[in-house]
file run-v1.cif (mmCIF, C-alpha atoms)
data_start
loop_
_atom_site.group_PDB
_atom_site.id
_atom_site.type_symbol
_atom_site.label_atom_id
_atom_site.label_comp_id
_atom_site.auth_asym_id
_atom_site.auth_seq_id
_atom_site.Cartn_x
_atom_site.Cartn_y
_atom_site.Cartn_z
ATOM 1 C CA MET A 40 -14.801 6.564 9.613
ATOM 2 C CA SER A 41 -17.968 8.209 8.252
ATOM 3 C CA ALA A 42 -17.734 11.786 7.058
ATOM 4 C CA PRO A 43 -19.803 13.374 9.860
ATOM 5 C CA GLY A 44 -17.918 11.364 12.497
ATOM 6 C CA GLY A 45 -14.564 12.374 11.061
ATOM 7 C CA ALA A 46 -15.564 16.017 11.017
ATOM 8 C CA ALA A 47 -16.728 15.893 14.627
ATOM 9 C CA VAL A 48 -13.681 14.023 15.892
ATOM 10 C CA ALA A 49 -11.119 16.124 14.054
ATOM 11 C CA PRO A 50 -11.044 19.155 16.422
ATOM 12 C CA VAL A 51 -10.890 16.864 19.467
ATOM 13 C CA LEU A 52 -7.946 14.942 18.027
ATOM 14 C CA ALA A 53 -6.239 18.181 17.065
ATOM 15 C CA SER A 54 -6.280 19.498 20.625
ATOM 16 C CA ALA A 55 -5.447 16.145 22.232
ATOM 17 C CA THR A 56 -2.396 15.568 20.058
ATOM 18 C CA ALA A 57 -1.033 19.095 19.950
ATOM 19 C CA ALA A 58 2.098 18.277 21.970
ATOM 20 C CA VAL A 59 2.939 14.991 20.255
ATOM 21 C CA PRO A 60 5.948 15.007 17.854
ATOM 22 C CA ALA A 61 5.089 14.553 14.184
ATOM 23 C CA PRO A 62 6.900 11.207 13.679
ATOM 24 C CA ALA A 63 5.041 9.744 16.687
ATOM 25 C CA LEU A 64 1.693 10.749 15.170
ATOM 26 C CA VAL A 65 2.677 9.137 11.870
ATOM 27 C CA ALA A 66 3.898 5.984 13.645
ATOM 28 C CA VAL A 67 0.713 5.527 15.679
ATOM 29 C CA GLY A 68 -1.469 6.184 12.639
ATOM 30 C CA GLY A 69 0.693 3.817 10.595
ATOM 31 C CA ALA A 70 0.303 1.002 13.134
ATOM 32 C CA GLY A 71 -3.480 1.386 13.165
ATOM 33 C CA GLY A 72 -3.719 1.711 9.398
ATOM 34 C CA ALA A 73 -1.581 -1.373 8.789
ATOM 35 C CA VAL A 74 -3.633 -3.542 11.171
ATOM 36 C CA ALA A 75 -6.887 -2.288 9.636
ATOM 37 C CA ARG A 76 -5.541 -3.046 6.144
ATOM 38 C CA HIS A 77 -4.562 -6.563 7.153
ATOM 39 C CA LEU A 78 -7.992 -7.266 8.668
ATOM 40 C CA VAL A 79 -9.999 -5.784 5.796
ATOM 41 C CA ALA A 80 -7.868 -7.230 2.983
ATOM 42 C CA SER A 81 -7.765 -10.699 4.568
ATOM 43 C CA ALA A 82 -11.534 -10.715 5.051
ATOM 44 C CA VAL A 83 -12.189 -9.619 1.466
ATOM 45 C CA ASP A 84 -9.640 -11.985 -0.075
ATOM 46 C CA ARG A 85 -10.997 -14.962 1.859
ATOM 47 C CA ALA A 86 -13.997 -14.980 -0.460
ATOM 48 C CA GLY A 87 -11.909 -14.246 -3.560
ATOM 49 C CA ASP A 88 -10.806 -16.322 -6.531
ATOM 50 C CA GLY A 89 -7.243 -15.042 -6.822
ATOM 51 C CA PHE A 90 -8.150 -11.539 -7.952
ATOM 52 C CA PRO A 91 -6.536 -9.081 -5.477
ATOM 53 C CA LEU A 92 -9.865 -7.620 -4.365
ATOM 54 C CA GLY A 93 -8.557 -6.957 -0.848
ATOM 55 C CA THR A 94 -5.839 -4.599 -2.101
ATOM 56 C CA LEU A 95 -8.351 -2.868 -4.378
ATOM 57 C CA THR A 96 -10.778 -2.442 -1.464
ATOM 58 C CA VAL A 97 -8.285 -0.872 0.941
ATOM 59 C CA ASN A 98 -6.888 1.412 -1.760
ATOM 60 C CA VAL A 99 -10.323 2.779 -2.647
ATOM 61 C CA LEU A 100 -11.518 3.138 0.969
ATOM 62 C CA GLY A 101 -8.268 4.753 2.113
ATOM 63 C CA SER A 102 -8.256 7.163 -0.825
ATOM 64 C CA PHE A 103 -11.773 8.269 0.126
ATOM 65 C CA VAL A 104 -10.784 8.952 3.743
ATOM 66 C CA LEU A 105 -7.593 10.760 2.715
ATOM 67 C CA GLY A 106 -9.728 12.832 0.349
ATOM 68 C CA LEU A 107 -11.882 13.899 3.306
ATOM 69 C CA VAL A 108 -8.809 14.729 5.414
ATOM 70 C CA THR A 109 -7.324 16.703 2.521
ATOM 71 C CA PHE A 110 -10.360 18.659 1.381
ATOM 72 C CA LEU A 111 -12.164 19.376 4.681
ATOM 73 C CA PRO A 112 -9.303 20.342 5.474
ATOM 74 C CA ALA A 113 -8.077 18.753 8.695
ATOM 75 C CA GLY A 114 -5.494 20.367 10.963
ATOM 76 C CA GLY A 115 -1.800 19.523 10.791
ATOM 77 C CA ASP A 116 -1.835 16.924 13.559
ATOM 78 C CA VAL A 117 -4.939 15.163 12.222
ATOM 79 C CA SER A 118 -3.387 15.209 8.783
ATOM 80 C CA LEU A 119 -0.242 13.506 10.144
ATOM 81 C CA LEU A 120 -2.112 10.937 12.272
ATOM 82 C CA VAL A 121 -4.999 10.064 9.962
ATOM 83 C CA GLY A 122 -3.679 11.132 6.558
ATOM 84 C CA THR A 123 0.059 10.411 6.428
ATOM 85 C CA GLY A 124 -0.080 7.700 9.105
ATOM 86 C CA ALA A 125 -3.343 5.762 8.941
ATOM 87 C CA CYS A 126 -4.487 6.304 5.335
ATOM 88 C CA GLY A 127 -0.928 6.081 4.042
ATOM 89 C CA ALA A 128 -0.399 2.710 5.726
ATOM 90 C CA PHE A 129 -3.940 1.417 5.131
ATOM 91 C CA THR A 130 -3.428 1.770 1.373
ATOM 92 C CA THR A 131 -0.508 0.164 -0.418
ATOM 93 C CA PHE A 132 1.291 0.758 -3.681
ATOM 94 C CA SER A 133 3.789 -2.092 -3.324
ATOM 95 C CA SER A 134 1.086 -4.775 -3.066
ATOM 96 C CA PHE A 135 -0.625 -3.105 -6.016
ATOM 97 C CA SER A 136 2.535 -3.355 -8.156
ATOM 98 C CA VAL A 137 3.367 -6.913 -7.145
ATOM 99 C CA ALA A 138 -0.229 -8.153 -7.496
ATOM 100 C CA THR A 139 -0.324 -6.722 -11.019
ATOM 101 C CA VAL A 140 2.886 -8.567 -11.921
ATOM 102 C CA GLN A 141 1.561 -11.796 -10.392
ATOM 103 C CA LEU A 142 -1.679 -11.666 -12.396
ATOM 104 C CA TRP A 143 0.319 -11.019 -15.557
ATOM 105 C CA ASP A 144 2.706 -13.885 -14.717
ATOM 106 C CA ARG A 145 -0.213 -16.287 -14.446
ATOM 107 C CA GLY A 146 -1.306 -15.320 -17.934
ATOM 108 C CA GLU A 147 -4.292 -13.373 -16.636
ATOM 109 C CA ARG A 148 -3.480 -10.268 -18.625
ATOM 110 C CA ALA A 149 -7.037 -8.991 -18.920
ATOM 111 C CA ARG A 150 -7.481 -9.259 -15.164
ATOM 112 C CA ALA A 151 -4.127 -7.528 -14.583
ATOM 113 C CA ALA A 152 -5.268 -4.634 -16.763
ATOM 114 C CA ALA A 153 -8.694 -4.617 -15.084
ATOM 115 C CA PHE A 154 -6.993 -4.465 -11.680
ATOM 116 C CA VAL A 155 -4.927 -1.412 -12.657
ATOM 117 C CA VAL A 156 -7.901 0.347 -14.249
ATOM 118 C CA ALA A 157 -10.202 -0.462 -11.313
ATOM 119 C CA ASN A 158 -7.709 0.914 -8.760
ATOM 120 C CA THR A 159 -7.225 4.088 -10.794
ATOM 121 C CA VAL A 160 -10.866 4.796 -11.625
ATOM 122 C CA LEU A 161 -12.460 3.768 -8.322
ATOM 123 C CA ALA A 162 -9.853 5.524 -6.159
ATOM 124 C CA GLY A 163 -10.126 8.617 -8.365
ATOM 125 C CA VAL A 164 -13.926 8.580 -8.013
ATOM 126 C CA ALA A 165 -13.549 8.089 -4.249
ATOM 127 C CA VAL A 166 -11.319 11.167 -3.960
ATOM 128 C CA GLY A 167 -13.746 13.144 -6.120
ATOM 129 C CA ALA A 168 -16.660 12.063 -3.906
ATOM 130 C CA ALA A 169 -14.704 13.063 -0.800
ATOM 131 C CA ALA A 170 -13.973 16.481 -2.314
ATOM 132 C CA ALA A 171 -17.659 16.947 -3.148
ATOM 133 C CA LEU A 172 -18.728 15.917 0.362
ATOM 134 C CA ALA A 173 -16.140 18.188 1.972
ATOM 135 C CA GLY A 174 -17.210 21.082 -0.207
ATOM 136 C CA ALA A 175 -20.877 20.497 0.628
ATOM 137 C CA GLY A 176 -20.217 20.309 4.383
ATOM 138 C CA MET B 259 1.412 -18.240 3.870
ATOM 139 C CA ALA B 260 -1.681 -19.346 5.804
ATOM 140 C CA ASP B 261 -0.189 -18.063 9.046
ATOM 141 C CA SER B 262 0.490 -14.570 7.730
ATOM 142 C CA ARG B 263 -3.094 -14.191 6.584
ATOM 143 C CA ALA B 264 -4.502 -14.955 10.015
ATOM 144 C CA ALA B 265 -5.539 -12.364 12.591
ATOM 145 C CA THR B 266 -3.829 -13.873 15.622
ATOM 146 C CA PRO B 267 -2.514 -11.454 18.279
ATOM 147 C CA VAL B 268 1.076 -12.159 17.230
ATOM 148 C CA VAL B 269 0.379 -11.444 13.564
ATOM 149 C CA LEU B 270 -1.518 -8.245 14.391
ATOM 150 C CA ALA B 271 1.300 -7.078 16.676
ATOM 151 C CA LEU B 272 3.882 -7.703 13.947
ATOM 152 C CA VAL B 273 1.758 -5.824 11.404
ATOM 153 C CA ALA B 274 1.269 -2.917 13.838
ATOM 154 C CA VAL B 275 4.986 -2.583 14.611
ATOM 155 C CA GLY B 276 5.851 -2.904 10.938
ATOM 156 C CA GLY B 277 3.184 -0.360 10.044
ATOM 157 C CA ALA B 278 4.610 2.173 12.496
ATOM 158 C CA VAL B 279 8.110 1.700 11.077
ATOM 159 C CA GLY B 280 6.987 1.779 7.438
ATOM 160 C CA ALA B 281 4.824 4.887 7.815
ATOM 161 C CA THR B 282 7.578 6.719 9.696
ATOM 162 C CA ALA B 283 10.111 5.786 7.022
ATOM 163 C CA ARG B 284 7.764 7.123 4.318
ATOM 164 C CA TYR B 285 7.345 10.343 6.310
ATOM 165 C CA ALA B 286 11.138 10.671 6.498
ATOM 166 C CA VAL B 287 11.502 10.127 2.746
ATOM 167 C CA GLY B 288 8.782 12.718 2.169
ATOM 168 C CA GLY B 289 10.714 15.184 4.319
ATOM 169 C CA ALA B 290 13.896 14.611 2.337
ATOM 170 C CA LEU B 291 12.178 14.697 -1.067
ATOM 171 C CA PRO B 292 9.141 16.977 -0.856
ATOM 172 C CA GLY B 293 6.070 16.703 -3.042
ATOM 173 C CA LEU B 294 5.532 14.036 -5.651
ATOM 174 C CA TRP B 295 9.162 12.875 -5.594
ATOM 175 C CA GLY B 296 8.950 11.615 -2.023
ATOM 176 C CA THR B 297 5.852 9.501 -2.664
ATOM 177 C CA LEU B 298 7.255 8.235 -5.962
ATOM 178 C CA THR B 299 10.545 7.235 -4.325
ATOM 179 C CA ALA B 300 8.786 5.375 -1.491
ATOM 180 C CA ASN B 301 6.375 3.621 -3.861
ATOM 181 C CA VAL B 302 9.032 2.494 -6.331
ATOM 182 C CA SER B 303 11.617 1.396 -3.766
ATOM 183 C CA GLY B 304 8.911 -0.373 -1.738
ATOM 184 C CA SER B 305 7.644 -2.185 -4.836
ATOM 185 C CA PHE B 306 11.169 -3.410 -5.557
ATOM 186 C CA LEU B 307 11.668 -4.701 -2.015
ATOM 187 C CA LEU B 308 8.228 -6.350 -1.835
ATOM 188 C CA GLY B 309 8.840 -8.052 -5.186
ATOM 189 C CA LEU B 310 12.198 -9.256 -3.909
ATOM 190 C CA LEU B 311 10.834 -10.598 -0.623
ATOM 191 C CA LEU B 312 7.727 -12.276 -2.043
ATOM 192 C CA TYR B 313 9.539 -13.962 -4.892
ATOM 193 C CA GLU B 314 12.373 -14.906 -2.557
ATOM 194 C CA ALA B 315 9.730 -16.719 -0.517
ATOM 195 C CA LEU B 316 9.046 -18.931 -3.541
ATOM 196 C CA ARG B 317 12.628 -19.957 -3.788
ATOM 197 C CA THR B 318 14.953 -19.935 -0.834
ATOM 198 C CA ASP B 319 12.500 -18.987 1.912
ATOM 199 C CA ARG B 320 15.284 -17.821 4.209
ATOM 200 C CA LEU B 321 12.908 -15.752 6.295
ATOM 201 C CA GLY B 322 10.469 -17.255 8.757
ATOM 202 C CA ASP B 323 6.732 -16.558 8.469
ATOM 203 C CA ARG B 324 6.812 -13.992 11.254
ATOM 204 C CA THR B 325 9.748 -12.045 9.869
ATOM 205 C CA ARG B 326 8.132 -12.037 6.446
ATOM 206 C CA THR B 327 4.810 -10.803 7.846
ATOM 207 C CA LEU B 328 6.619 -8.029 9.735
ATOM 208 C CA LEU B 329 8.523 -6.897 6.655
ATOM 209 C CA THR B 330 5.897 -7.353 3.902
ATOM 210 C CA THR B 331 2.419 -6.837 5.380
ATOM 211 C CA GLY B 332 3.797 -4.523 8.063
ATOM 212 C CA VAL B 333 6.723 -2.408 6.890
ATOM 213 C CA LEU B 334 6.647 -2.394 3.075
ATOM 214 C CA SER B 335 2.892 -2.183 2.564
ATOM 215 C CA SER B 336 2.797 0.802 4.957
ATOM 216 C CA TYR B 337 5.958 2.396 3.556
ATOM 217 C CA THR B 338 4.237 2.616 0.176
ATOM 218 C CA THR B 339 0.900 4.372 -0.215
ATOM 219 C CA TYR B 340 -1.841 4.480 -2.795
ATOM 220 C CA SER B 341 -4.104 7.103 -1.190
ATOM 221 C CA THR B 342 -1.478 9.864 -1.147
ATOM 222 C CA PHE B 343 -0.542 8.960 -4.718
ATOM 223 C CA VAL B 344 -4.158 9.353 -5.906
ATOM 224 C CA VAL B 345 -4.810 12.602 -4.028
ATOM 225 C CA GLU B 346 -1.549 14.064 -5.362
ATOM 226 C CA THR B 347 -2.522 13.014 -8.890
ATOM 227 C CA VAL B 348 -5.945 14.657 -8.583
ATOM 228 C CA GLN B 349 -4.461 17.875 -7.174
ATOM 229 C CA ALA B 350 -1.664 18.210 -9.733
ATOM 230 C CA ALA B 351 -1.944 20.140 -12.970
ATOM 231 C CA PRO B 352 -3.396 17.789 -15.643
ATOM 232 C CA ALA B 353 -0.154 17.218 -17.548
ATOM 233 C CA VAL B 354 1.833 16.690 -14.348
ATOM 234 C CA GLY B 355 -0.865 14.405 -12.914
ATOM 235 C CA ALA B 356 -0.995 12.258 -16.048
ATOM 236 C CA THR B 357 2.790 11.943 -16.133
ATOM 237 C CA TYR B 358 2.883 11.126 -12.418
ATOM 238 C CA LEU B 359 0.155 8.473 -12.811
ATOM 239 C CA VAL B 360 1.724 6.679 -15.759
ATOM 240 C CA GLY B 361 5.252 7.130 -14.429
ATOM 241 C CA SER B 362 4.367 5.688 -11.027
ATOM 242 C CA TYR B 363 2.688 2.652 -12.574
ATOM 243 C CA ALA B 364 5.506 2.000 -15.034
ATOM 244 C CA LEU B 365 8.251 2.406 -12.435
ATOM 245 C CA GLY B 366 6.307 0.472 -9.772
ATOM 246 C CA VAL B 367 5.771 -2.542 -12.018
ATOM 247 C CA ALA B 368 9.346 -2.331 -13.330
ATOM 248 C CA ALA B 369 10.610 -2.259 -9.744
ATOM 249 C CA ALA B 370 8.514 -5.299 -8.783
ATOM 250 C CA LEU B 371 9.891 -7.123 -11.849
ATOM 251 C CA ALA B 372 13.434 -6.107 -10.877
ATOM 252 C CA GLY B 373 12.834 -7.476 -7.383
ATOM 253 C CA ARG B 374 11.612 -10.727 -8.913
ATOM 254 C CA ALA B 375 14.718 -10.876 -11.119
ATOM 255 C CA VAL B 376 17.030 -10.390 -8.144
ATOM 256 C CA ALA B 377 15.178 -13.126 -6.242
ATOM 257 C CA ALA B 378 15.632 -15.429 -9.238
ATOM 258 C CA ARG B 379 19.367 -14.758 -9.167
ATOM 259 C CA LEU B 380 19.521 -15.669 -5.509
ATOM 260 C CA ASP B 381 18.111 -19.094 -6.320
ATOM 261 C CA PRO B 382 17.344 -20.002 -9.935
ATOM 262 C CA ARG B 383 14.953 -22.847 -9.145
ATOM 263 C CA GLU B 384 11.501 -22.907 -10.641
ATOM 264 C CA GLY B 385 9.112 -20.779 -8.593
ATOM 265 C CA ARG B 386 6.030 -21.732 -6.670
ATOM 266 C CA GLU B 387 2.864 -19.666 -6.418
ATOM 267 C CA VAL B 388 2.792 -16.853 -3.843
ATOM 268 C CA TRP B 389 0.494 -14.010 -3.042
ATOM 269 C CA ALA B 390 0.961 -10.352 -2.255
#
call {"tool": "encode", "arguments": {"input": "run-v1.cif", "output": "structure tokens"}}
result
Amino acid sequence: MSAPGGAAVAPVLASATAAVPAPALVAVGGAGGAVARHLVASAVDRAGDGFPLGTLTVNVLGSFVLGLVTFLPAGGDVSLLVGTGACGAFTTFSSFSVATVQLWDRGERARAAAFVVANTVLAGVAVGAAAALAGAG
Amino acid sequence: MADSRAATPVVLALVAVGGAVGATARYAVGGALPGLWGTLTANVSGSFLLGLLLYEALRTDRLGDRTRTLLTTGVLSSYTTYSTFVVETVQAAPAVGATYLVGSYALGVAAALAGRAVAARLDPREGREVWA
């Protein structure tokens, strides 16, 4: 998932997947992204205290990778497999919305606000860093 | 919810199948509603459905653990996306990006609250604690 690895793998993936229909690329990427999200978020949340750190982690990491795919830029097939499929499924807006409501419901309003701000700022910084890396490479 | 948080082969298979379905559904919505509207529609409708299913779990719990894992961790979490939302926000013109950011958050939270309200109507008992 590192930037150099992604750059090296991208042309190989592009040629290997050239004949695969777009929805199949998205589906395969989505399956992989969802499993990766579940593993990462579960591992992070296991050490947590009720703050949805797992959701925050996957959203920031996935935004960084999608930033690389977007700004390098990757080919159409890689964009569908890794961007729309894997990064799209690895990150989640629904868990973000519901986790915010749950924090608020428990009376943890400062932590609900901190969760929203942290997702926004850290994911924004991650995309900016990806754009800078892609521009430098 | 201890089962759904585990990484057993069955849970991972359910999440994978759900992820494939959710991502494909998002791709289809994006094809029907290009640009920011597609992502916004998927994120808001997915937030409503996840709110409904998770709060329903507190109350009637009609779904089994495996079905719930398939639908929540698999389908809905993959149907909605944060990464595309952020990249679109960064790439949009400043005024459009700011509107999209605030609008997505407001509608996403409102949708999750609406899902919770519908779940409460299904069974108006006092809720228990659940987790996204």
call {"tool": "residues_around", "arguments": {"input": "run-v1.cif", "residues": "Tyr340 (chain B)", "least_positions_apart": "2", "cutoff": "8 Å", "atoms": "all atoms listed in the file", "output": "list of chain:residue names"}}
result
A:Asn98, A:Ser102, A:Gly127, A:Thr130, A:Thr131, A:Phe132, B:Thr338, B:Thr342, B:Phe343, B:Val344
call {"tool": "write_last_selection", "arguments": {"input": "run-v1.cif", "atoms": "C-alpha atoms", "output": "CSV table (one decimal), in the coordinates of the input"}}
result
chain,number,residue,atom,x,y,z
A,98,ASN,CA,-6.9,1.4,-1.8
A,102,SER,CA,-8.3,7.2,-0.8
A,127,GLY,CA,-0.9,6.1,4.0
A,130,THR,CA,-3.4,1.8,1.4
A,131,THR,CA,-0.5,0.2,-0.4
A,132,PHE,CA,1.3,0.8,-3.7
B,338,THR,CA,4.2,2.6,0.2
B,342,THR,CA,-1.5,9.9,-1.1
B,343,PHE,CA,-0.5,9.0,-4.7
B,344,VAL,CA,-4.2,9.4,-5.9
call {"tool": "resolve_selection", "arguments": {"input": "run-v1.cif", "expression": "the PyMOL selection byres ((chain B) within 8 of (chain A))", "output": "PyMOL selection string"}}
result
chain B and resi 263-265+270+273-282+285+301-302+304-306+308-309+331-332+334-342+344-345+348+363+366-367+370-371+389-390
call {"tool": "closest_residue", "arguments": {"input": "run-v1.cif", "among": "B:Thr266, B:Thr318, B:Thr299, B:Thr327", "to": "Asp381 (chain B)", "atoms": "all atoms listed in the file"}}
result
B:Thr318
call {"tool": "atom_distance", "arguments": {"input": "run-v1.cif", "atom1": "CA of Leu328 (chain B)", "atom2": "CA of Pro292 (chain B)"}}
result
27.3 Å
call {"tool": "closest_residue", "arguments": {"input": "run-v1.cif", "among": "A:Gly87, A:Asp116, A:Thr96, A:Leu172", "to": "Ala58 (chain A)", "atoms": "all atoms listed in the file"}}
result
A:Asp116
call {"tool": "atom_distance", "arguments": {"input": "run-v1.cif", "atom1": "CA of Glu346 (chain B)", "atom2": "CA of Ala369 (chain B)"}}
result
20.8 Å
call {"tool": "atom_distance", "arguments": {"input": "run-v1.cif", "atom1": "CA of Leu380 (chain B)", "atom2": "CA of Thr325 (chain B)"}}
result
18.6 Å
